[in-house]
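One structure is given here, and the rest of the page talks about it.
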Amino acid sequence: MRFRLHIEVIPSLYGNKLPINYQYELSAWIYKVIALGDESYARWLHENGFSHKHKKMKMFTFSNLYIPDAKREEDRLCIFSDLISLNLSFLPEKSTEEFIKGIFSEQQFSLGDHKSKVAFRVRQVELVPSPDASATMEFHTLSPVVITC
């Protein structure tokens with residue numbers, strides 16, 4: 001199941017500068033929100049996945065933040081947009097629309113480090129329809145893809 005989170009930027013709390021390398025903190029926040037909703041499911045998501053040669057690929061993925069108006073300043077990203085978005089995709093069917101919408105709706109969080117931080121609030125969670133499958137398709141990935149033999 002695929003979801004898009006529409007997120008409000010709240011610069012009045014900390015500012016509008018975000019470290020460019022925010023992905024680890026973002027994944028930690030996602031796990032935290034899921035754990036608050038269902039701790040055993042969060043543990044299962046973290047510990048399980050597809051295995052290949054002692055590597056585990058997780059059962060969910062997320063995009064970078066989609067920021068319509070931003071500017072890079074050295075190792076920071078200055079956010080000038082009021083609203084941004086994030087895509088989340090889950091493979092397990094337990095990730096029902098109601099569960100995900102319920103745990104992520106109106107969540108407040110911040111990302112950053114000792115130098116700069118940005119506060120956010122999830123305003124809307126929408127289900128993104130799956131594409132109609134056909135014999136030949138072209139895909140554009142939102143995050144890195146691991147292909148193994």
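Chain labels run A, B, ... following the order of the structure tokens; each chain numbers its residues from 1, and ligands are numbered from 1 in the order shown.
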
How would you write, as a CSV table (one decimal) with all heavy atoms, in the first residue's frame, the set of residues in chain A that DSSP gives as strand (DSSP E or B)?
```csv
chain,number,residue,atom,x,y,z
A,2,ARG,N,0.4,2.2,-0.8
A,2,ARG,CA,1.2,3.5,-0.9
A,2,ARG,C,0.4,4.6,-0.3
A,2,ARG,O,-0.8,4.7,-0.6
A,2,ARG,CB,1.6,3.7,-2.3
A,2,ARG,CG,2.4,2.6,-2.9
A,2,ARG,CD,2.8,2.7,-4.3
A,2,ARG,NE,1.8,3.2,-5.2
A,2,ARG,CZ,2.0,3.9,-6.3
A,2,ARG,NH1,3.2,4.2,-6.7
A,2,ARG,NH2,1.0,4.4,-7.0
A,3,PHE,N,1.1,5.5,0.4
A,3,PHE,CA,0.5,6.6,1.0
A,3,PHE,C,1.3,7.9,0.8
A,3,PHE,O,2.5,7.8,0.6
A,3,PHE,CB,0.4,6.4,2.6
A,3,PHE,CG,-0.4,5.3,3.0
A,3,PHE,CD1,0.1,4.0,3.1
A,3,PHE,CD2,-1.8,5.4,3.2
A,3,PHE,CE1,-0.6,2.9,3.5
A,3,PHE,CE2,-2.6,4.3,3.5
A,3,PHE,CZ,-2.0,3.1,3.7
A,4,ARG,N,0.6,9.0,0.7
A,4,ARG,CA,1.3,10.3,0.7
A,4,ARG,C,0.9,11.1,1.9
A,4,ARG,O,-0.3,11.3,2.2
A,4,ARG,CB,0.9,11.1,-0.6
A,4,ARG,CG,1.6,12.4,-0.7
A,4,ARG,CD,1.5,13.1,-2.1
A,4,ARG,NE,2.1,12.2,-3.1
A,4,ARG,CZ,1.5,11.6,-4.1
A,4,ARG,NH1,0.2,11.9,-4.3
A,4,ARG,NH2,2.1,10.8,-5.0
A,5,LEU,N,1.9,11.6,2.6
A,5,LEU,CA,1.7,12.4,3.8
A,5,LEU,C,1.9,13.9,3.4
A,5,LEU,O,2.9,14.2,2.8
A,5,LEU,CB,2.7,12.1,4.9
A,5,LEU,CG,2.4,10.9,5.8
A,5,LEU,CD1,2.2,9.6,5.1
A,5,LEU,CD2,3.4,10.8,6.9
A,6,HIS,N,0.9,14.7,3.6
A,6,HIS,CA,0.9,16.1,3.4
A,6,HIS,C,1.3,16.8,4.7
A,6,HIS,O,0.6,16.6,5.7
A,6,HIS,CB,-0.4,16.7,2.8
A,6,HIS,CG,-0.8,16.1,1.5
A,6,HIS,ND1,-0.3,16.5,0.3
A,6,HIS,CD2,-1.5,15.0,1.2
A,6,HIS,CE1,-0.8,15.8,-0.6
A,6,HIS,NE2,-1.5,14.8,-0.1
A,7,ILE,N,2.4,17.5,4.7
A,7,ILE,CA,3.1,17.9,6.0
A,7,ILE,C,3.2,19.5,6.0
A,7,ILE,O,3.7,20.0,5.0
A,7,ILE,CB,4.4,17.3,6.1
A,7,ILE,CG1,4.3,15.7,6.1
A,7,ILE,CG2,5.1,17.7,7.4
A,7,ILE,CD1,5.6,15.0,6.0
A,8,GLU,N,2.8,20.1,7.1
A,8,GLU,CA,2.9,21.5,7.3
A,8,GLU,C,4.3,21.8,7.9
A,8,GLU,O,4.7,21.1,8.8
A,8,GLU,CB,1.8,22.0,8.2
A,8,GLU,CG,1.9,23.4,8.6
A,8,GLU,CD,0.9,23.8,9.7
A,8,GLU,OE1,0.2,23.0,10.2
A,8,GLU,OE2,0.9,25.0,10.0
A,9,VAL,N,5.0,22.8,7.4
A,9,VAL,CA,6.2,23.2,7.9
A,9,VAL,C,5.9,24.3,9.0
A,9,VAL,O,5.1,25.2,8.7
A,9,VAL,CB,7.2,23.8,6.8
A,9,VAL,CG1,8.5,24.3,7.4
A,9,VAL,CG2,7.4,22.8,5.7
A,10,ILE,N,6.5,24.2,10.2
A,10,ILE,CA,6.3,25.2,11.2
A,10,ILE,C,7.6,25.9,11.6
A,10,ILE,O,8.3,25.5,12.5
A,10,ILE,CB,5.7,24.5,12.5
A,10,ILE,CG1,4.5,23.6,12.1
A,10,ILE,CG2,5.3,25.5,13.5
A,10,ILE,CD1,4.0,22.7,13.2
A,17,LYS,N,15.8,25.7,8.5
A,17,LYS,CA,16.9,25.0,8.0
A,17,LYS,C,17.0,23.6,8.5
A,17,LYS,O,17.0,23.3,9.7
A,17,LYS,CB,18.2,25.8,8.3
A,17,LYS,CG,18.3,27.1,7.6
A,17,LYS,CD,19.6,27.8,7.9
A,17,LYS,CE,19.7,29.1,7.2
A,17,LYS,NZ,20.9,29.8,7.4
A,18,LEU,N,17.2,22.7,7.5
A,18,LEU,CA,17.2,21.3,7.8
A,18,LEU,C,18.6,20.7,7.3
A,18,LEU,O,19.0,21.1,6.2
A,18,LEU,CB,16.1,20.6,7.0
A,18,LEU,CG,15.8,19.1,7.1
A,18,LEU,CD1,15.4,18.8,8.5
A,18,LEU,CD2,14.8,18.7,6.1
A,19,PRO,N,19.2,19.8,8.0
A,19,PRO,CA,20.4,19.2,7.5
A,19,PRO,C,20.1,18.4,6.2
A,19,PRO,O,19.0,17.8,6.1
A,19,PRO,CB,20.8,18.2,8.6
A,19,PRO,CG,20.2,18.7,9.8
A,19,PRO,CD,18.9,19.4,9.4
A,50,PHE,N,12.9,-9.3,3.3
A,50,PHE,CA,13.4,-10.3,2.3
A,50,PHE,C,14.8,-10.5,2.6
A,50,PHE,O,15.6,-9.5,2.7
A,50,PHE,CB,13.2,-9.8,0.9
A,50,PHE,CG,11.7,-9.6,0.5
A,50,PHE,CD1,11.2,-8.3,0.4
A,50,PHE,CD2,10.9,-10.7,0.3
A,50,PHE,CE1,9.8,-8.2,0.1
A,50,PHE,CE2,9.6,-10.6,0.0
A,50,PHE,CZ,9.0,-9.3,-0.1
A,51,SER,N,15.2,-11.7,2.7
A,51,SER,CA,16.6,-12.1,3.0
A,51,SER,C,17.3,-12.6,1.8
A,51,SER,O,16.8,-13.3,1.0
A,51,SER,CB,16.7,-13.1,4.1
A,51,SER,OG,16.2,-12.6,5.3
A,52,HIS,N,18.6,-12.1,1.6
A,52,HIS,CA,19.5,-12.6,0.6
A,52,HIS,C,20.9,-12.5,1.0
A,52,HIS,O,21.4,-11.4,1.3
A,52,HIS,CB,19.3,-11.8,-0.7
A,52,HIS,CG,20.2,-12.3,-1.8
A,52,HIS,ND1,19.9,-13.5,-2.5
A,52,HIS,CD2,21.2,-11.7,-2.4
A,52,HIS,CE1,20.9,-13.6,-3.4
A,52,HIS,NE2,21.7,-12.6,-3.4
A,55,LYS,N,21.6,-10.5,4.1
A,55,LYS,CA,21.1,-9.1,4.1
A,55,LYS,C,19.6,-9.1,4.1
A,55,LYS,O,18.9,-10.0,3.6
A,55,LYS,CB,21.5,-8.4,2.8
A,55,LYS,CG,23.0,-8.1,2.7
A,55,LYS,CD,23.3,-7.4,1.4
A,55,LYS,CE,24.8,-7.2,1.3
A,55,LYS,NZ,25.2,-6.5,0.1
A,56,LYS,N,19.0,-8.2,4.9
A,56,LYS,CA,17.6,-8.1,5.0
A,56,LYS,C,17.1,-6.8,4.3
A,56,LYS,O,17.6,-5.7,4.6
A,56,LYS,CB,17.1,-8.1,6.4
A,56,LYS,CG,17.1,-9.5,7.0
A,56,LYS,CD,16.4,-9.6,8.3
A,56,LYS,CE,16.5,-11.0,8.8
A,56,LYS,NZ,15.9,-11.1,10.1
A,57,MET,N,16.2,-6.9,3.4
A,57,MET,CA,15.5,-5.7,2.8
A,57,MET,C,14.2,-5.5,3.5
A,57,MET,O,13.4,-6.4,3.7
A,57,MET,CB,15.3,-6.0,1.3
A,57,MET,CG,16.5,-5.8,0.4
A,57,MET,SD,18.0,-6.8,0.9
A,57,MET,CE,18.1,-8.0,-0.4
A,60,PHE,N,9.1,-1.9,4.0
A,60,PHE,CA,8.6,-0.6,3.7
A,60,PHE,C,9.7,0.3,3.2
A,60,PHE,O,10.9,0.1,3.4
A,60,PHE,CB,7.8,0.0,4.8
A,60,PHE,CG,8.7,0.8,5.8
A,60,PHE,CD1,8.9,2.1,5.7
A,60,PHE,CD2,9.3,0.1,6.9
A,60,PHE,CE1,9.7,2.8,6.6
A,60,PHE,CE2,10.1,0.8,7.8
A,60,PHE,CZ,10.3,2.1,7.7
A,61,THR,N,9.3,1.4,2.5
A,61,THR,CA,10.2,2.4,2.0
A,61,THR,C,9.6,3.7,2.1
A,61,THR,O,8.4,3.9,2.2
A,61,THR,CB,10.7,2.0,0.6
A,61,THR,OG1,11.8,2.9,0.2
A,61,THR,CG2,9.6,2.2,-0.4
A,62,PHE,N,10.4,4.8,2.0
A,62,PHE,CA,9.9,6.1,2.0
A,62,PHE,C,10.7,7.0,1.1
A,62,PHE,O,11.9,6.7,0.8
A,62,PHE,CB,9.9,6.7,3.4
A,62,PHE,CG,11.3,6.8,4.1
A,62,PHE,CD1,12.0,7.9,4.0
A,62,PHE,CD2,11.8,5.7,4.7
A,62,PHE,CE1,13.3,8.0,4.6
A,62,PHE,CE2,13.1,5.7,5.3
A,62,PHE,CZ,13.8,6.9,5.2
A,66,TYR,N,9.4,15.9,-0.4
A,66,TYR,CA,9.1,16.7,-1.6
A,66,TYR,C,8.9,18.2,-1.1
A,66,TYR,O,7.9,18.5,-0.5
A,66,TYR,CB,7.9,16.2,-2.3
A,66,TYR,CG,8.2,14.9,-2.9
A,66,TYR,CD1,7.6,13.7,-2.4
A,66,TYR,CD2,9.0,14.7,-4.1
A,66,TYR,CE1,7.9,12.5,-2.9
A,66,TYR,CE2,9.2,13.5,-4.6
A,66,TYR,CZ,8.7,12.4,-4.0
A,66,TYR,OH,8.9,11.1,-4.6
A,70,ALA,N,12.8,25.3,-2.0
A,70,ALA,CA,14.0,25.1,-1.1
A,70,ALA,C,15.2,25.6,-1.7
A,70,ALA,O,15.3,25.6,-2.9
A,70,ALA,CB,14.1,23.7,-0.6
A,71,LYS,N,16.2,25.9,-0.9
A,71,LYS,CA,17.5,26.3,-1.4
A,71,LYS,C,18.6,25.7,-0.6
A,71,LYS,O,18.5,25.7,0.7
A,71,LYS,CB,17.6,27.8,-1.3
A,71,LYS,CG,18.9,28.4,-1.9
A,71,LYS,CD,19.0,29.9,-1.7
A,71,LYS,CE,20.3,30.4,-2.1
A,71,LYS,NZ,20.5,31.8,-1.9
A,72,ARG,N,19.6,25.2,-1.2
A,72,ARG,CA,20.7,24.6,-0.5
A,72,ARG,C,21.7,25.7,-0.1
A,72,ARG,O,22.1,26.5,-0.9
A,72,ARG,CB,21.4,23.5,-1.4
A,72,ARG,CG,22.6,22.9,-0.7
A,72,ARG,CD,23.2,21.8,-1.6
A,72,ARG,NE,24.3,21.3,-0.8
A,72,ARG,CZ,25.1,20.3,-1.3
A,72,ARG,NH1,24.8,19.7,-2.4
A,72,ARG,NH2,26.1,19.9,-0.6
A,73,GLU,N,22.1,25.6,1.2
A,73,GLU,CA,23.1,26.5,1.7
A,73,GLU,C,24.1,25.6,2.5
A,73,GLU,O,23.9,25.1,3.6
A,73,GLU,CB,22.5,27.5,2.7
A,73,GLU,CG,21.7,28.6,2.1
A,73,GLU,CD,21.2,29.6,3.0
A,73,GLU,OE1,21.6,29.5,4.2
A,73,GLU,OE2,20.4,30.4,2.6
A,76,ARG,N,23.0,22.5,4.5
A,76,ARG,CA,21.7,22.8,5.0
A,76,ARG,C,20.7,22.9,3.8
A,76,ARG,O,21.1,23.3,2.7
A,76,ARG,CB,21.6,24.0,5.8
A,76,ARG,CG,22.5,24.1,7.0
A,76,ARG,CD,22.1,23.2,8.1
A,76,ARG,NE,23.2,22.3,8.5
A,76,ARG,CZ,23.1,21.5,9.5
A,76,ARG,NH1,22.1,21.3,10.2
A,76,ARG,NH2,24.2,20.7,9.8
A,77,LEU,N,19.5,22.7,4.1
A,77,LEU,CA,18.4,22.9,3.1
A,77,LEU,C,17.5,23.9,3.7
A,77,LEU,O,16.9,23.6,4.8
A,77,LEU,CB,17.7,21.5,2.9
A,77,LEU,CG,16.8,21.4,1.7
A,77,LEU,CD1,17.6,21.6,0.4
A,77,LEU,CD2,16.2,20.0,1.7
A,78,CYS,N,17.3,25.0,3.1
A,78,CYS,CA,16.4,26.1,3.6
A,78,CYS,C,15.1,25.9,3.0
A,78,CYS,O,14.9,25.9,1.8
A,78,CYS,CB,16.9,27.5,3.3
A,78,CYS,SG,18.5,27.9,4.1
A,79,ILE,N,14.1,25.6,3.8
A,79,ILE,CA,12.7,25.3,3.3
A,79,ILE,C,11.9,26.6,3.3
A,79,ILE,O,11.7,27.2,4.4
A,79,ILE,CB,12.0,24.3,4.2
A,79,ILE,CG1,12.9,23.0,4.2
A,79,ILE,CG2,10.6,24.0,3.8
A,79,ILE,CD1,12.4,21.9,5.2
A,83,LEU,N,3.9,23.9,2.8
A,83,LEU,CA,3.5,22.5,2.8
A,83,LEU,C,4.5,21.6,1.9
A,83,LEU,O,5.0,22.1,0.9
A,83,LEU,CB,2.1,22.3,2.2
A,83,LEU,CG,1.0,22.8,3.0
A,83,LEU,CD1,-0.3,22.8,2.2
A,83,LEU,CD2,0.8,22.0,4.2
A,84,ILE,N,4.8,20.5,2.5
A,84,ILE,CA,5.7,19.5,1.8
A,84,ILE,C,5.0,18.2,1.8
A,84,ILE,O,3.9,18.0,2.4
A,84,ILE,CB,7.1,19.5,2.4
A,84,ILE,CG1,7.0,18.9,3.9
A,84,ILE,CG2,7.8,20.8,2.4
A,84,ILE,CD1,8.3,18.7,4.5
A,85,SER,N,5.6,17.2,1.2
A,85,SER,CA,5.0,15.9,1.2
A,85,SER,C,6.0,14.8,1.3
A,85,SER,O,7.2,15.0,1.1
A,85,SER,CB,4.1,15.6,0.0
A,85,SER,OG,4.8,15.7,-1.2
A,86,LEU,N,5.6,13.6,1.6
A,86,LEU,CA,6.4,12.4,1.8
A,86,LEU,C,5.6,11.2,1.4
A,86,LEU,O,4.4,11.1,1.7
A,86,LEU,CB,6.8,12.3,3.3
A,86,LEU,CG,7.4,11.0,3.8
A,86,LEU,CD1,8.8,10.8,3.3
A,86,LEU,CD2,7.4,10.9,5.3
A,87,ASN,N,6.2,10.3,0.6
A,87,ASN,CA,5.6,9.1,0.2
A,87,ASN,C,6.1,7.9,1.1
A,87,ASN,O,7.3,7.8,1.3
A,87,ASN,CB,5.8,8.7,-1.2
A,87,ASN,CG,5.1,9.7,-2.2
A,87,ASN,OD1,4.1,10.3,-1.8
A,87,ASN,ND2,5.6,9.8,-3.4
A,88,LEU,N,5.1,7.1,1.6
A,88,LEU,CA,5.4,5.9,2.3
A,88,LEU,C,4.8,4.7,1.6
A,88,LEU,O,3.7,4.8,1.1
A,88,LEU,CB,4.8,5.9,3.7
A,88,LEU,CG,5.3,6.9,4.7
A,88,LEU,CD1,4.4,6.9,6.0
A,88,LEU,CD2,6.7,6.6,5.1
A,89,SER,N,5.6,3.6,1.5
A,89,SER,CA,5.0,2.4,0.8
A,89,SER,C,5.3,1.2,1.7
A,89,SER,O,6.4,1.0,2.3
A,89,SER,CB,5.7,2.1,-0.5
A,89,SER,OG,5.5,3.2,-1.4
A,90,PHE,N,4.3,0.4,1.9
A,90,PHE,CA,4.4,-0.8,2.8
A,90,PHE,C,4.0,-2.0,2.0
A,90,PHE,O,3.0,-2.0,1.3
A,90,PHE,CB,3.4,-0.7,4.0
A,90,PHE,CG,3.7,0.4,4.9
A,90,PHE,CD1,3.2,1.7,4.7
A,90,PHE,CD2,4.5,0.2,6.0
A,90,PHE,CE1,3.5,2.7,5.5
A,90,PHE,CE2,4.8,1.3,6.9
A,90,PHE,CZ,4.3,2.5,6.7
A,108,GLN,N,3.1,15.5,15.1
A,108,GLN,CA,4.0,16.6,15.1
A,108,GLN,C,5.4,16.0,15.3
A,108,GLN,O,5.6,15.1,16.2
A,108,GLN,CB,3.7,17.6,16.2
A,108,GLN,CG,2.4,18.3,15.9
A,108,GLN,CD,2.2,19.4,16.9
A,108,GLN,OE1,3.1,20.1,17.2
A,108,GLN,NE2,0.9,19.6,17.3
A,109,PHE,N,6.4,16.5,14.6
A,109,PHE,CA,7.8,16.0,14.8
A,109,PHE,C,8.7,17.0,14.3
A,109,PHE,O,8.4,18.0,13.7
A,109,PHE,CB,7.9,14.7,14.0
A,109,PHE,CG,7.8,14.8,12.5
A,109,PHE,CD1,9.0,14.8,11.7
A,109,PHE,CD2,6.6,14.9,11.9
A,109,PHE,CE1,8.9,14.9,10.3
A,109,PHE,CE2,6.5,15.0,10.5
A,109,PHE,CZ,7.6,15.0,9.7
A,110,SER,N,10.0,16.8,14.6
A,110,SER,CA,11.0,17.7,14.2
A,110,SER,C,12.2,16.9,13.6
A,110,SER,O,12.4,15.7,14.1
A,110,SER,CB,11.5,18.7,15.3
A,110,SER,OG,12.0,18.0,16.3
A,111,LEU,N,12.9,17.4,12.7
A,111,LEU,CA,14.1,16.8,12.2
A,111,LEU,C,15.2,17.8,12.2
A,111,LEU,O,15.0,19.0,12.0
A,111,LEU,CB,13.9,16.4,10.7
A,111,LEU,CG,12.8,15.4,10.4
A,111,LEU,CD1,12.7,15.2,8.9
A,111,LEU,CD2,13.1,14.1,11.0
A,112,GLY,N,16.4,17.4,12.6
A,112,GLY,CA,17.5,18.3,12.6
A,112,GLY,C,18.7,17.8,13.5
A,112,GLY,O,18.7,16.7,13.9
A,117,LYS,N,17.2,22.9,13.0
A,117,LYS,CA,16.1,21.9,13.1
A,117,LYS,C,14.8,22.6,12.5
A,117,LYS,O,14.7,23.8,12.5
A,117,LYS,CB,15.9,21.7,14.6
A,117,LYS,CG,14.9,20.6,15.0
A,117,LYS,CD,14.6,20.6,16.5
A,117,LYS,CE,15.9,20.0,17.2
A,117,LYS,NZ,15.6,19.7,18.6
A,118,VAL,N,13.9,21.7,12.1
A,118,VAL,CA,12.6,22.2,11.5
A,118,VAL,C,11.5,21.4,12.1
A,118,VAL,O,11.6,20.1,12.3
A,118,VAL,CB,12.6,22.1,10.0
A,118,VAL,CG1,11.2,22.5,9.4
A,118,VAL,CG2,13.7,22.8,9.3
A,119,ALA,N,10.4,22.0,12.5
A,119,ALA,CA,9.3,21.4,13.1
A,119,ALA,C,8.2,21.2,12.0
A,119,ALA,O,8.1,22.0,11.1
A,119,ALA,CB,8.7,22.2,14.2
A,120,PHE,N,7.5,20.0,12.1
A,120,PHE,CA,6.5,19.7,11.1
A,120,PHE,C,5.2,19.1,11.8
A,120,PHE,O,5.3,18.7,12.9
A,120,PHE,CB,7.0,18.6,10.2
A,120,PHE,CG,8.3,18.9,9.5
A,120,PHE,CD1,9.5,18.5,10.0
A,120,PHE,CD2,8.3,19.6,8.3
A,120,PHE,CE1,10.7,18.7,9.3
A,120,PHE,CE2,9.5,19.9,7.6
A,120,PHE,CZ,10.7,19.5,8.1
A,121,ARG,N,4.1,19.2,11.0
A,121,ARG,CA,2.9,18.6,11.5
A,121,ARG,C,2.2,17.9,10.2
A,121,ARG,O,2.0,18.5,9.2
A,121,ARG,CB,1.9,19.6,12.0
A,121,ARG,CG,0.6,19.0,12.5
A,121,ARG,CD,-0.4,20.0,13.0
A,121,ARG,NE,0.1,20.7,14.2
A,121,ARG,CZ,0.4,22.0,14.3
A,121,ARG,NH1,0.2,22.8,13.3
A,121,ARG,NH2,0.9,22.5,15.4
A,122,VAL,N,1.8,16.6,10.4
A,122,VAL,CA,1.2,15.9,9.3
A,122,VAL,C,-0.3,16.4,9.2
A,122,VAL,O,-1.0,16.4,10.2
A,122,VAL,CB,1.2,14.4,9.5
A,122,VAL,CG1,0.4,13.7,8.4
A,122,VAL,CG2,2.6,13.9,9.6
A,123,ARG,N,-0.6,17.0,8.1
A,123,ARG,CA,-2.0,17.5,7.9
A,123,ARG,C,-2.9,16.6,7.3
A,123,ARG,O,-4.1,16.6,7.5
A,123,ARG,CB,-1.9,18.8,7.1
A,123,ARG,CG,-1.4,20.0,7.9
A,123,ARG,CD,-2.4,20.2,9.0
A,123,ARG,NE,-2.0,21.4,9.8
A,123,ARG,CZ,-2.5,21.6,11.0
A,123,ARG,NH1,-3.3,20.7,11.5
A,123,ARG,NH2,-2.1,22.6,11.7
A,124,GLN,N,-2.5,15.7,6.4
A,124,GLN,CA,-3.3,14.8,5.7
A,124,GLN,C,-2.6,13.5,5.3
A,124,GLN,O,-1.4,13.6,4.9
A,124,GLN,CB,-3.9,15.5,4.4
A,124,GLN,CG,-4.9,14.6,3.6
A,124,GLN,CD,-5.3,15.3,2.3
A,124,GLN,OE1,-4.8,16.4,2.0
A,124,GLN,NE2,-6.1,14.6,1.6
A,125,VAL,N,-3.2,12.4,5.3
A,125,VAL,CA,-2.7,11.2,4.9
A,125,VAL,C,-3.6,10.6,3.8
A,125,VAL,O,-4.8,10.4,4.1
A,125,VAL,CB,-2.5,10.1,6.0
A,125,VAL,CG1,-1.9,8.8,5.5
A,125,VAL,CG2,-1.7,10.7,7.1
A,126,GLU,N,-3.1,10.4,2.6
A,126,GLU,CA,-4.0,9.9,1.5
A,126,GLU,C,-3.4,8.6,1.0
A,126,GLU,O,-2.2,8.4,0.9
A,126,GLU,CB,-4.1,10.9,0.4
A,126,GLU,CG,-2.9,11.2,-0.4
A,126,GLU,CD,-3.2,12.1,-1.6
A,126,GLU,OE1,-4.1,11.8,-2.4
A,126,GLU,OE2,-2.4,13.0,-1.7
A,127,LEU,N,-4.3,7.7,0.6
A,127,LEU,CA,-3.9,6.5,0.0
A,127,LEU,C,-3.7,6.8,-1.5
A,127,LEU,O,-4.4,7.5,-2.2
A,127,LEU,CB,-5.1,5.5,0.1
A,127,LEU,CG,-4.9,4.1,-0.6
A,127,LEU,CD1,-3.8,3.4,0.1
A,127,LEU,CD2,-6.2,3.3,-0.6
A,128,VAL,N,-2.5,6.3,-2.0
A,128,VAL,CA,-2.1,6.5,-3.4
A,128,VAL,C,-2.5,5.3,-4.1
A,128,VAL,O,-2.0,4.2,-3.8
A,128,VAL,CB,-0.6,6.8,-3.5
A,128,VAL,CG1,-0.2,6.9,-5.0
A,128,VAL,CG2,-0.3,8.1,-2.8
```

When you draw a straight line from atom CA of A:Glu98 to atom CA of A:Gly37, how long is it in Å?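 These atoms are spaced 11.4 Å apart.
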
Using only C-alpha atoms, which residue out of A:Phe80, A:Phe104, A:Tyr14, A:Phe99 lies closest to A:Ile30? A:Phe104

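Residues of stretch 85-134 of chain A that DSSP, applied to the backbone, places in alpha helix (DSSP H): Glu97, Glu98, Phe99, Ile100, Lys101, Gly102, Ile103 and Phe104 of chain A.
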
Export of the given selection (N, CA, C and O atoms) as a compact mmCIF listing (two decimals), in the first residue's frame:
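As a result, again.txt now contains:
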```
# COMPACT_ATOMS: atom_id res chain seq x y z
N GLU A 97 -5.26 0.95 5.29
CA GLU A 97 -5.44 2.39 5.14
C GLU A 97 -5.82 3.05 6.46
O GLU A 97 -5.24 4.07 6.85
N GLU A 98 -6.75 2.47 7.19
CA GLU A 98 -7.21 3.07 8.45
C GLU A 98 -6.10 3.12 9.49
O GLU A 98 -5.95 4.09 10.21
N PHE A 99 -5.29 2.04 9.58
CA PHE A 99 -4.20 1.98 10.55
C PHE A 99 -3.17 3.08 10.26
O PHE A 99 -2.81 3.85 11.15
N ILE A 100 -2.72 3.17 9.02
CA ILE A 100 -1.70 4.17 8.67
C ILE A 100 -2.24 5.58 8.82
O ILE A 100 -1.59 6.45 9.40
N LYS A 101 -3.44 5.80 8.32
CA LYS A 101 -4.03 7.14 8.45
C LYS A 101 -4.19 7.51 9.92
O LYS A 101 -3.91 8.65 10.31
N GLY A 102 -4.61 6.56 10.72
CA GLY A 102 -4.82 6.83 12.14
C GLY A 102 -3.55 7.17 12.90
O GLY A 102 -3.54 8.09 13.72
N ILE A 103 -2.48 6.45 12.63
CA ILE A 103 -1.27 6.70 13.42
C ILE A 103 -0.46 7.90 12.94
O ILE A 103 0.25 8.51 13.73
N PHE A 104 -0.56 8.26 11.65
CA PHE A 104 0.23 9.38 11.14
C PHE A 104 -0.52 10.71 11.15
O PHE A 104 0.11 11.77 11.16
```

Out of A:Asp75, A:Val33, A:Tyr24, A:Met1, which residue has the shortest atom-to-atom distance to A:Lys115 when counting only C-alpha atoms?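 Residue with the minimum atom-to-atom distance to A:Lys115: A:Asp75.
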